[in-house]
$ cat upload-v3.txt   # compact mmCIF, C-alpha atoms
# COMPACT_ATOMS: atom_id res chain seq x y z
CA MET A 9 157.89 65.47 227.88
CA SER A 10 160.15 65.80 230.93
CA LEU A 11 159.62 63.68 234.01
CA PHE A 12 158.92 66.85 236.00
CA ARG A 13 156.14 67.88 233.65
CA PHE A 14 154.73 64.36 233.65
CA LEU A 15 154.50 64.40 237.43
CA ALA A 16 152.87 67.84 237.43
CA LEU A 17 150.21 66.69 235.00
CA GLY A 18 149.60 63.56 237.08
CA ALA A 19 148.95 65.44 240.34
CA PRO A 20 145.38 66.02 241.60
CA VAL A 21 143.87 69.40 240.74
CA ALA A 22 142.22 71.42 243.52
CA GLY A 23 138.51 72.31 243.12
CA LEU A 24 137.25 75.70 241.92
CA LEU A 25 134.57 77.84 243.57
CA THR A 26 131.31 77.42 241.63
CA GLY A 27 128.24 79.30 242.83
CA GLY A 28 129.87 79.69 246.25
CA THR A 29 130.25 75.95 246.82
CA PRO A 30 133.75 74.43 246.69
CA THR A 31 134.30 71.37 244.52
CA MET A 32 136.17 68.89 246.69
CA PRO A 33 139.10 66.93 245.20
CA ALA A 34 138.60 63.23 244.65
CA PRO A 35 139.85 61.11 247.55
CA THR A 36 143.43 59.93 247.10
CA LYS A 37 144.42 56.34 247.75
CA THR A 38 147.20 56.29 250.33
CA GLY A 39 148.53 52.79 249.92
CA ALA A 40 148.16 49.35 248.38
CA THR A 41 148.99 45.79 249.32
CA ILE A 42 150.65 43.65 246.69
CA THR A 43 150.73 39.86 246.95
CA VAL A 44 153.37 38.04 244.93
CA ARG A 45 152.97 34.28 244.45
CA ASN A 46 155.41 31.65 243.21
CA THR A 47 153.62 28.66 241.65
CA LEU A 48 156.79 26.59 241.19
CA ASN A 49 158.10 24.01 243.61
CA LEU A 50 161.36 25.90 243.38
CA ALA A 51 162.88 28.67 245.47
CA ARG A 52 163.55 31.73 243.35
CA THR A 53 166.19 34.37 244.09
CA ALA A 54 166.55 37.92 242.77
CA GLU A 55 163.18 37.91 241.02
CA THR A 56 162.23 41.24 239.46
CA VAL A 57 158.64 42.36 240.05
CA SER A 58 157.18 44.96 237.69
CA LEU A 59 154.31 47.25 238.71
CA PRO A 60 152.52 49.24 235.96
CA VAL A 61 152.59 53.01 236.30
CA SER A 62 148.81 53.21 235.99
CA ARG A 63 148.40 51.31 239.27
CA VAL A 64 151.25 53.05 241.06
CA ARG A 65 149.85 56.48 240.18
CA GLN A 66 146.74 55.68 242.21
CA VAL A 67 148.94 55.29 245.28
CA ALA A 68 151.29 58.19 244.68
CA GLY A 69 148.72 60.94 245.31
CA ALA A 70 149.78 64.57 245.45
CA GLY A 71 153.42 63.69 246.02
CA GLY A 72 153.78 62.33 242.49
CA LEU A 73 155.50 59.22 241.25
CA GLY A 74 158.84 60.25 242.73
CA GLN A 75 157.36 59.87 246.21
CA VAL A 76 156.48 56.16 246.31
CA VAL A 77 158.05 53.53 248.56
CA VAL A 78 157.85 49.73 248.28
CA ARG A 79 158.08 47.98 251.66
CA ASP A 80 158.39 44.38 252.74
CA GLY A 81 154.93 43.48 254.05
CA GLN A 82 156.30 41.48 256.99
CA THR A 83 159.19 43.62 258.25
CA GLY A 84 158.16 47.03 256.91
CA ALA A 85 161.68 47.55 255.56
CA PRO A 86 161.88 49.77 252.46
CA LEU A 87 163.08 48.00 249.30
CA VAL A 88 165.26 49.29 246.51
CA SER A 89 163.08 50.21 243.54
CA GLN A 90 163.61 51.65 240.06
CA TRP A 91 161.39 53.57 237.66
CA LEU A 92 161.76 52.31 234.10
CA ASP A 93 160.86 54.15 230.91
CA SER A 94 160.71 50.99 228.80
CA ASN A 95 159.48 52.61 225.57
CA ALA A 96 161.81 55.65 225.61
CA ASP A 97 159.03 58.25 225.46
CA GLY A 98 160.36 60.21 228.44
CA GLN A 99 157.72 58.90 230.85
CA PRO A 100 158.01 56.06 233.37
CA ASP A 101 156.09 52.91 232.45
CA GLU A 102 156.78 50.55 235.34
CA LEU A 103 158.21 50.42 238.84
CA LEU A 104 160.64 47.57 239.52
CA PHE A 105 161.71 45.92 242.74
CA GLN A 106 163.28 42.56 243.57
CA THR A 107 162.55 39.77 246.00
CA ASP A 108 163.49 36.19 246.84
CA MET A 109 160.55 33.79 246.77
CA PRO A 110 160.15 30.47 248.61
CA ALA A 111 159.00 27.39 246.72
CA ARG A 112 155.20 27.46 246.25
CA GLY A 113 155.10 30.46 248.53
CA GLN A 114 153.84 34.00 248.53
CA LYS A 115 154.88 37.32 250.00
CA GLN A 116 153.16 40.62 250.60
CA PHE A 117 154.50 44.08 249.94
CA THR A 118 153.05 47.51 250.57
CA LEU A 119 153.19 50.48 248.27
CA GLU A 120 152.75 53.87 249.92
CA PRO A 121 153.60 57.55 249.53
CA GLY A 122 157.04 58.35 250.87
CA GLN A 123 160.61 59.24 250.06
CA PRO A 124 162.52 56.35 248.45
CA GLY A 125 165.93 55.63 249.89
CA PRO A 126 169.13 56.18 247.90
CA ALA A 127 170.01 53.59 245.27
CA PRO A 128 173.05 51.46 246.14
CA THR A 129 176.20 52.02 244.11
CA ASP A 130 178.17 48.94 245.18
CA ARG A 131 175.64 46.39 243.89
CA THR A 132 173.91 47.63 240.78
CA THR A 133 173.55 47.32 237.00
CA PHE A 134 175.36 49.51 234.53
CA ALA A 135 175.91 50.10 230.80
CA ARG A 136 177.81 52.65 228.77
CA PHE A 137 179.46 53.47 225.47
CA VAL A 138 183.26 53.30 225.80
CA PRO A 139 185.02 55.71 223.40
CA GLU A 140 188.32 55.36 225.27
CA ARG A 141 188.55 51.75 223.99
CA THR A 142 187.78 52.62 220.34
CA ASP A 143 183.97 52.34 220.63
CA ASP A 144 182.99 49.35 222.72
CA PHE A 145 179.62 49.09 224.40
CA ALA A 146 179.75 47.34 227.79
CA TRP A 147 177.22 46.31 230.42
CA GLU A 148 177.26 44.50 233.76
CA ASN A 149 175.52 43.59 236.99
CA ASP A 150 176.72 42.06 240.25
CA ARG A 151 177.54 38.70 238.64
CA VAL A 152 178.60 39.12 235.02
CA ALA A 153 179.81 41.65 232.45
CA PHE A 154 179.70 41.81 228.64
CA ARG A 155 180.77 43.97 225.73
CA THR A 156 180.39 44.30 221.99
CA TYR A 157 181.91 46.48 219.30
CA GLY A 158 181.06 49.64 217.36
CA PRO A 159 181.59 51.24 213.93
CA VAL A 160 185.04 52.75 214.52
CA ALA A 161 186.40 49.33 215.50
CA GLN A 162 184.90 47.99 212.26
CA GLN A 163 186.45 50.76 210.16
CA LEU A 164 189.88 50.11 211.66
CA ALA A 165 189.59 46.38 211.01
CA GLU A 166 188.51 46.93 207.41
CA ALA A 167 191.53 49.24 206.97
CA LYS A 168 193.73 46.35 208.22
CA ASP A 169 194.60 48.25 211.40
CA PRO A 170 195.47 45.63 214.08
CA SER A 171 193.65 47.69 216.71
CA GLY A 172 190.33 47.17 214.91
CA THR A 173 187.64 44.59 215.63
CA LEU A 174 185.10 43.32 213.11
CA THR A 175 182.33 41.29 214.76
CA SER A 176 178.78 41.54 216.03
CA GLY A 177 179.52 38.73 218.48
CA MET A 178 179.09 39.19 222.24
CA ASP A 179 182.11 39.14 224.56
CA CYS A 180 182.17 37.86 228.15
CA TRP A 181 184.09 39.70 230.85
CA LEU A 182 184.71 37.27 233.69
CA LYS A 183 184.25 39.16 236.95
CA ARG A 184 184.37 37.65 240.43
CA VAL A 185 183.37 40.62 242.56
CA PRO A 186 179.83 41.99 243.10
CA TYR A 187 180.73 45.66 242.62
CA PRO A 188 180.97 47.40 239.20
CA ILE A 189 184.23 46.87 237.28
CA ILE A 190 183.65 48.32 233.80
CA ASP A 191 184.94 51.82 234.51
CA LYS A 192 187.83 50.46 236.59
CA TRP A 193 188.99 47.96 234.00
CA TYR A 194 188.80 50.42 231.14
CA GLY A 195 190.64 52.88 233.39
CA ARG A 196 193.44 50.32 233.71
CA HIS A 197 193.48 50.07 229.92
CA VAL A 198 193.92 53.84 229.59
CA HIS A 199 196.16 54.64 232.55
CA GLU A 200 198.16 51.44 233.26
CA LYS A 201 198.76 49.72 229.95
CA PRO A 202 196.70 48.90 226.86
CA PHE A 203 194.41 45.90 227.39
CA ALA A 204 195.35 45.58 231.06
CA TYR A 205 191.92 43.96 231.60
CA HIS A 206 193.31 40.77 230.05
CA THR A 207 195.22 40.23 233.32
CA ASP A 208 193.45 39.10 236.49
CA THR A 209 194.50 41.15 239.53
CA GLY A 210 191.84 39.65 241.82
CA GLU A 211 188.60 40.99 240.34
CA GLY A 212 188.54 38.90 237.16
CA TYR A 213 189.62 39.48 233.57
CA ASP A 214 188.81 39.08 229.88
CA PRO A 215 190.30 35.86 228.46
CA TYR A 216 187.27 35.15 226.25
CA HIS A 217 187.92 35.19 222.50
CA VAL A 218 185.13 36.29 220.14
CA GLY A 219 186.81 37.06 216.81
CA GLY A 220 184.51 36.27 213.90
CA SER A 221 182.32 33.98 216.02
CA ARG A 222 178.98 34.77 217.65
CA GLY A 223 180.64 34.77 221.07
CA THR A 224 177.89 34.27 223.63
CA GLY A 225 174.52 35.08 222.10
CA GLY A 226 175.40 36.83 218.86
CA SER A 227 172.84 36.17 216.14
CA GLY A 228 172.61 35.59 212.40
CA ILE A 229 170.63 33.89 209.63
CA LEU A 230 171.33 30.24 208.82
CA ASP A 231 170.52 29.49 205.17
CA ASN A 232 171.63 26.47 203.13
CA GLY A 233 174.28 25.60 205.70
CA GLN A 234 175.82 29.09 205.84
CA LEU A 235 175.49 31.58 208.68
CA TYR A 236 175.02 35.18 207.54
CA VAL A 237 175.75 37.88 210.12
CA SER A 238 175.78 41.64 210.56
CA LYS A 239 178.86 43.75 211.09
CA ASN A 240 179.41 45.91 214.19
CA PHE A 241 176.60 47.98 215.69
CA THR A 242 176.27 51.47 214.20
CA SER A 243 174.35 53.32 216.94
CA TYR A 244 173.21 52.87 220.52
CA LYS A 245 170.57 54.27 222.86
CA ILE A 246 170.69 53.88 226.64
CA LEU A 247 167.19 53.65 228.11
CA ALA A 248 168.05 52.87 231.74
CA THR A 249 170.94 52.17 234.07
CA GLY A 250 169.70 51.46 237.52
CA PRO A 251 170.04 49.44 240.63
CA ILE A 252 167.76 46.70 239.26
CA ARG A 253 167.88 46.81 235.44
CA THR A 254 170.03 48.27 232.71
CA LEU A 255 168.34 48.61 229.30
CA PHE A 256 169.68 49.80 225.95
CA GLU A 257 169.32 49.36 222.19
CA LEU A 258 171.92 48.58 219.53
CA THR A 259 171.16 49.20 215.85
CA TYR A 260 173.00 47.63 212.92
CA ALA A 261 173.44 48.81 209.34
CA PRO A 262 171.35 46.82 206.81
CA TRP A 263 173.18 43.65 205.85
CA GLN A 264 172.88 40.86 203.32
CA ALA A 265 171.72 37.28 203.95
CA ASN A 266 171.69 35.23 200.75
CA GLY A 267 170.01 37.91 198.64
CA ARG A 268 167.89 39.43 201.40
CA THR A 269 168.52 42.85 202.92
CA VAL A 270 168.21 42.49 206.68
CA THR A 271 167.42 45.24 209.19
CA GLU A 272 168.23 44.57 212.83
CA THR A 273 167.89 46.22 216.23
CA LYS A 274 168.64 44.54 219.54
CA ARG A 275 166.94 45.70 222.73
CA ILE A 276 169.17 44.37 225.50
CA SER A 277 168.61 44.29 229.26
CA LEU A 278 170.32 42.80 232.29
CA ASP A 279 168.77 42.50 235.74
CA LEU A 280 170.58 42.44 239.05
CA GLY A 281 171.32 38.91 240.21
CA SER A 282 171.11 37.26 236.78
CA ASN A 283 173.87 35.52 234.84
CA LEU A 284 171.91 35.89 231.58
CA THR A 285 171.33 38.98 229.47
CA ARG A 286 167.90 39.33 227.85
CA PHE A 287 167.95 39.99 224.09
CA GLU A 288 164.85 41.20 222.29
CA GLU A 289 165.87 40.77 218.68
CA HIS A 290 163.97 42.82 216.08
CA ILE A 291 164.98 41.43 212.70
CA ARG A 292 163.27 41.47 209.33
CA ALA A 293 163.75 41.26 205.57
CA THR A 294 161.79 40.90 202.33
CA PRO A 295 161.26 38.12 201.44
CA ALA A 296 160.80 36.82 204.97
CA LEU A 297 163.79 35.38 206.80
CA PRO A 298 163.93 31.60 207.25
CA ASN A 299 165.08 31.91 210.88
CA CYS A 300 167.06 33.84 213.45
CA THR A 301 169.97 31.71 214.66
CA ILE A 302 171.70 32.36 217.99
CA GLY A 303 175.27 31.20 218.45
CA LEU A 304 177.69 30.05 221.12
CA THR A 305 181.32 29.78 220.08
CA LEU A 306 182.93 26.40 220.72
CA HIS A 307 186.45 27.86 220.61
CA GLU A 308 188.92 24.99 220.16
CA GLN A 309 186.16 22.36 220.38
CA GLN A 310 187.65 20.97 223.59
CA GLY A 311 184.60 21.64 225.76
CA GLU A 312 181.30 19.85 226.26
CA VAL A 313 177.98 20.71 224.61
CA ARG A 314 174.71 19.89 226.31
CA ALA A 315 171.21 20.82 225.17
CA ASN A 316 167.63 20.41 226.38
CA GLN A 317 165.49 21.58 223.48
CA GLN A 318 162.23 20.71 225.23
CA ALA A 319 163.07 22.98 228.17
CA GLY A 320 164.77 25.57 225.96
CA TRP A 321 168.38 25.69 227.19
CA PHE A 322 171.69 25.06 225.41
CA ARG A 323 175.18 25.32 226.86
CA TYR A 324 178.91 24.87 226.41
CA TRP A 325 181.31 24.04 229.27
CA GLU A 326 185.01 24.60 228.57
CA LYS A 327 188.32 25.15 230.32
CA ILE A 328 189.85 28.60 230.01
CA ASP A 329 193.28 29.01 231.62
CA ASP A 330 193.06 27.53 235.15
CA SER A 331 189.26 27.48 235.52
CA TYR A 332 186.08 26.47 233.71
CA LEU A 333 183.47 28.58 231.98
CA GLY A 334 179.90 27.71 231.09
CA THR A 335 178.14 29.73 228.39
CA ALA A 336 174.48 29.34 227.47
CA VAL A 337 171.43 30.39 225.51
CA VAL A 338 167.92 30.04 226.96
CA VAL A 339 164.87 30.46 224.70
CA GLU A 340 161.18 29.86 225.23
CA PRO A 341 160.45 26.57 223.41
CA ARG A 342 157.76 28.21 221.24
CA TYR A 343 160.52 30.02 219.32
CA ILE A 344 162.81 27.02 218.80
CA ARG A 345 162.97 25.15 215.52
CA ASP A 346 166.21 23.19 215.90
CA TYR A 347 169.77 23.29 217.16
CA GLN A 348 173.05 22.22 215.58
CA ASP A 349 176.45 21.36 217.00
CA HIS A 350 178.42 22.85 214.11
CA ARG A 351 182.12 21.88 213.94
CA THR A 352 184.58 23.07 211.32
CA THR A 353 188.28 23.72 210.78
CA GLN A 354 187.45 27.31 209.78
CA LYS A 355 188.71 29.77 212.40
CA ASP A 356 186.08 30.93 214.92
CA GLN A 357 183.27 29.13 213.09
CA SER A 358 182.74 26.09 215.30
CA GLN A 359 179.54 27.07 217.08
CA LEU A 360 176.43 25.77 218.74
CA TYR A 361 173.52 27.08 216.67
CA VAL A 362 170.10 27.60 218.23
CA VAL A 363 167.71 28.03 215.32
CA THR A 364 164.59 30.05 216.13
CA LYS A 365 161.56 31.36 214.29
CA PRO A 366 160.72 34.98 215.17
CA THR A 367 157.11 35.94 215.88
CA GLN A 368 156.15 39.13 214.01
CA ASP A 369 159.85 39.77 213.34
CA VAL A 370 160.81 39.48 217.03
CA VAL A 371 162.51 36.73 219.00
CA VAL A 372 163.39 36.94 222.70
CA PHE A 373 166.24 34.93 224.17
CA TYR A 374 168.72 35.00 227.05
CA ALA A 375 172.46 34.47 226.85
CA GLY A 376 175.25 34.59 229.39
CA PHE A 377 177.81 32.69 231.38
CA GLY A 378 178.86 31.20 234.69
CA TRP A 379 182.55 31.23 235.64
CA GLN A 380 183.80 28.61 238.06
CA LYS A 381 186.41 30.96 239.54
CA SER A 382 183.72 33.46 240.53
CA GLY A 383 182.52 30.96 243.12
CA GLN A 384 179.02 30.93 241.63
CA PHE A 385 179.17 27.52 239.93
CA ALA A 386 181.47 24.73 241.05
CA SER A 387 180.79 22.38 238.14
CA ALA A 388 179.02 21.83 234.84
CA ALA A 389 176.23 20.12 236.77
CA ALA A 390 175.70 23.28 238.85
CA TRP A 391 175.57 25.36 235.67
CA ASP A 392 173.03 22.96 234.16
CA THR A 393 170.87 23.20 237.28
CA TYR A 394 170.89 26.98 237.05
CA LEU A 395 169.85 26.90 233.39
CA GLY A 396 167.10 24.36 234.01
CA GLU A 397 165.67 26.44 236.84
CA PHE A 398 165.99 29.64 234.80
CA ALA A 399 163.93 28.02 232.04
CA GLN A 400 161.29 26.97 234.58
CA ARG A 401 161.09 30.49 235.97
CA LEU A 402 160.76 31.90 232.47
CA ALA A 403 157.84 29.56 231.77
CA ALA A 404 156.05 30.37 235.04
CA PRO A 405 156.23 34.11 235.85
CA LEU A 406 155.40 35.28 239.35
CA GLU A 407 151.74 36.10 239.91
CA VAL A 408 151.09 39.63 241.21
CA ARG A 409 147.77 40.65 242.83
CA TRP A 410 146.75 44.09 244.10
CA LYS A 411 144.51 44.98 247.02
$ encode --input "upload-v3.txt" --output "structure tokens"
Amino acid sequence: MSLFRFLALGAPVAGLLTGGTPTMPAPTKTGATITVRNTLNLARTAETVSLPVSRVRQVAGAGGLGQVVVRDGQTGAPLVSQWLDSNADGQPDELLFQTDMPARGQKQFTLEPGQPGPAPTDRTTFARFVPERTDDFAWENDRVAFRTYGPVAQQLAEAKDPSGTLTSGMDCWLKRVPYPIIDKWYGRHVHEKPFAYHTDTGEGYDPYHVGGSRGTGGSGILDNGQLYVSKNFTSYKILATGPIRTLFELTYAPWQANGRTVTETKRISLDLGSNLTRFEEHIRATPALPNCTIGLTLHEQQGEVRANQQAGWFRYWEKIDDSYLGTAVVVEPRYIRDYQDHRTTQKDQSQLYVVTKPTQDVVVFYAGFGWQKSGQFASAAAWDTYLGEFAQRLAAPLEVRWK
């Protein structure tokens, strides 16, 4: 069903004349006040607030869902918002906006009929399939960028073509500007010279090696000391690219894990202002899988591993060229079974393993990076602080009340 038809069906219907007496339309709510509360003794920045469509529809009235504005309750300023069709059925499910929250504080916002302002293009989230670089899939926000690799890259690698790539690991693109760079960097690759994005011209670059590793947040099955992994993704579906959240799915061909046939789909999202991508891993096999293991490559094993299993964060801090990079995985503790600092002489196989137990064939985790040269994190201690606070925020979502 198209969005236009959905809005038409959601609009109030005028009354009909019955026995000479008009049937009056039901009164339409013209606004709502939303109170958002932070229960942590911790200031929170770039927090995404989600409002269910069922509540927003009550405010929208005859103008429909496309005519709803979120305003700061104190200043009255309109906020950037985004409709999200999170289940891909062609209909919006939630309305997103972002706010900074003071420690143990609350804020009010109003929701009212009106014309939303234009979405910004210089500070946004983005994702796309990239056929001009074989068949990458790349995504980004104002702080970080990532990519992974598709079936053509796999076919080339299996044919021993040096331009191929065989991995389901996740690559980090180290950006140090808030505006989008994916199209620009791939444009350099096409129009300047192949792989020009490996050179930093002031916006950042891609020095991060994935190879046969898990990169930052690639997954697999750890069984009897061996990690079994999928090959490249085989198909993709973009569900949203917007000013606040980009959302897409990657599907993988069935693969083998010690006698089990595994099916896998990743639902991946990245919010504005976050250094960590959210992965919703759907993975299953018969008989049941022993775990879902998330990996961080340790490259040449020259960096420092640190883990806080109780809080749910795990990281690696290493020097790359003339700066330092922190990579990390954050998982709700209820999923975690163990972690292993796995070192080996085998190429690309020294990795930090975070061993999780999916619930009903699903595990949710976050993975990403902080680059010292971006100016976001001056040290490993600053990266650790960010991860610790991220884990706290994950454990204590904002409270949202309607009036």
$ residues_around --input "upload-v3.txt" --residues "Ile328 of chain A" --least-positions-apart "6" --cutoff "12 Å" --atoms "only C-alpha atoms" --output "MDAnalysis selection string"
chainID A and resid 182 213:217 306:308 310:311 334:335 379:381
$ closest_residue --input "upload-v3.txt" --among "A:Arg314, A:Ser387, A:Thr301, A:Arg155" --to "Asp346 of chain A" --atoms "only C-alpha atoms"
A:Thr301
$ closest_residue --input "upload-v3.txt" --among "A:Pro110, A:Gly250, A:Gly223, A:Pro202" --to "Asn46 of chain A" --atoms "all atoms listed in the file"
A:Pro110
$ residues_near_point --input "upload-v3.txt" --point "(166.1, 44.3, 223.3)" --cutoff "12 Å" --atoms "all atoms listed in the file" --output "number ranges by chain"
A: 94-95, 244-247, 254-259, 272-278, 285-291, 370-374
$ residues_around --input "upload-v3.txt" --residues "Trp410 of chain A" --least-positions-apart "3" --cutoff "8 Å" --atoms "only C-alpha atoms" --output "PyMOL selection string"
chain A and resi 40-43
$ write_last_selection --input "upload-v3.txt" --atoms "C-alpha atoms" --output "PDB file, keeping the file's coordinate frame"
ATOM      1  CA  ALA A  40     148.160  49.350 248.380  1.00  0.00           C
ATOM      2  CA  THR A  41     148.990  45.790 249.320  1.00  0.00           C
ATOM      3  CA  ILE A  42     150.650  43.650 246.690  1.00  0.00           C
ATOM      4  CA  THR A  43     150.730  39.860 246.950  1.00  0.00           C
TER       5      THR A  43
END
$ closest_residue --input "upload-v3.txt" --among "A:Gly212, A:Gly177, A:Pro128, A:Gly303" --to "Lys192 of chain A" --atoms "only C-alpha atoms"
A:Gly212
$ residues_near_point --input "upload-v3.txt" --point "(182.2, 54.5, 213.9)" --cutoff "9 Å" --atoms "all atoms listed in the file" --output "ChimeraX atom specification"
/A:142-143,158-163,241-243
$ residues_around --input "upload-v3.txt" --residues "Gly267 of chain A" --least-positions-apart "4" --cutoff "12 Å" --atoms "all atoms listed in the file" --output "list in words"
Ile229, Asp231, Tyr236, Trp263, Ala293, Thr294, Pro295, Ala296 and Leu297 of chain A
$ residues_around --input "upload-v3.txt" --residues "Met178 of chain A" --least-positions-apart "4" --cutoff "8 Å" --atoms "all atoms listed in the file" --output "PyMOL selection string"
chain A and resi 154-156+218+222-226
$ atom_distance --input "upload-v3.txt" --atom1 "atom CA of Tyr324 of chain A" --atom2 "atom CA of Leu280 of chain A"
23.2 Å
$ axis_aligned_box --input "upload-v3.txt" --around "segment 385-397 of chain A" --padding-each-side "8 Å" --output "JSON"
{"center_x": 173.6, "center_y": 23.8, "center_z": 237.2, "size_x": 31.8, "size_y": 23.4, "size_z": 23.7}
$ build_atoms --input "upload-v3.txt" --residues "segment 243-255 of chain A" --atoms "N, CA and C atoms" --output "short mmCIF file (atom, residue, chain, number, x, y, z; two decimals), keeping the file's coordinate frame"
data_model
loop_
_atom_site.label_atom_id
_atom_site.label_comp_id
_atom_site.auth_asym_id
_atom_site.auth_seq_id
_atom_site.Cartn_x
_atom_site.Cartn_y
_atom_site.Cartn_z
N SER A 243 174.82 52.30 215.99
CA SER A 243 174.35 53.32 216.94
C SER A 243 173.81 52.63 218.18
N TYR A 244 173.69 53.40 219.26
CA TYR A 244 173.21 52.87 220.52
C TYR A 244 172.28 53.89 221.18
N LYS A 245 171.43 53.40 222.06
CA LYS A 245 170.57 54.27 222.86
C LYS A 245 170.43 53.64 224.24
N ILE A 246 170.83 54.36 225.26
CA ILE A 246 170.69 53.88 226.64
C ILE A 246 169.33 54.31 227.17
N LEU A 247 168.52 53.36 227.59
CA LEU A 247 167.19 53.65 228.11
C LEU A 247 167.16 53.65 229.63
N ALA A 248 168.03 52.89 230.27
CA ALA A 248 168.05 52.87 231.74
C ALA A 248 169.35 52.25 232.22
N THR A 249 169.90 52.83 233.29
CA THR A 249 170.94 52.17 234.07
C THR A 249 170.53 52.37 235.52
N GLY A 250 170.25 51.29 236.19
CA GLY A 250 169.70 51.46 237.52
C GLY A 250 170.11 50.35 238.45
N PRO A 251 169.65 50.46 239.65
CA PRO A 251 170.04 49.44 240.63
C PRO A 251 169.48 48.06 240.32
N ILE A 252 168.39 48.00 239.53
CA ILE A 252 167.76 46.70 239.26
C ILE A 252 167.92 46.27 237.80
N ARG A 253 167.81 47.19 236.86
CA ARG A 253 167.88 46.81 235.44
C ARG A 253 168.61 47.86 234.63
N THR A 254 169.47 47.41 233.74
CA THR A 254 170.03 48.27 232.71
C THR A 254 169.40 47.86 231.38
N LEU A 255 169.08 48.84 230.54
CA LEU A 255 168.34 48.61 229.30
C LEU A 255 168.88 49.54 228.22
#
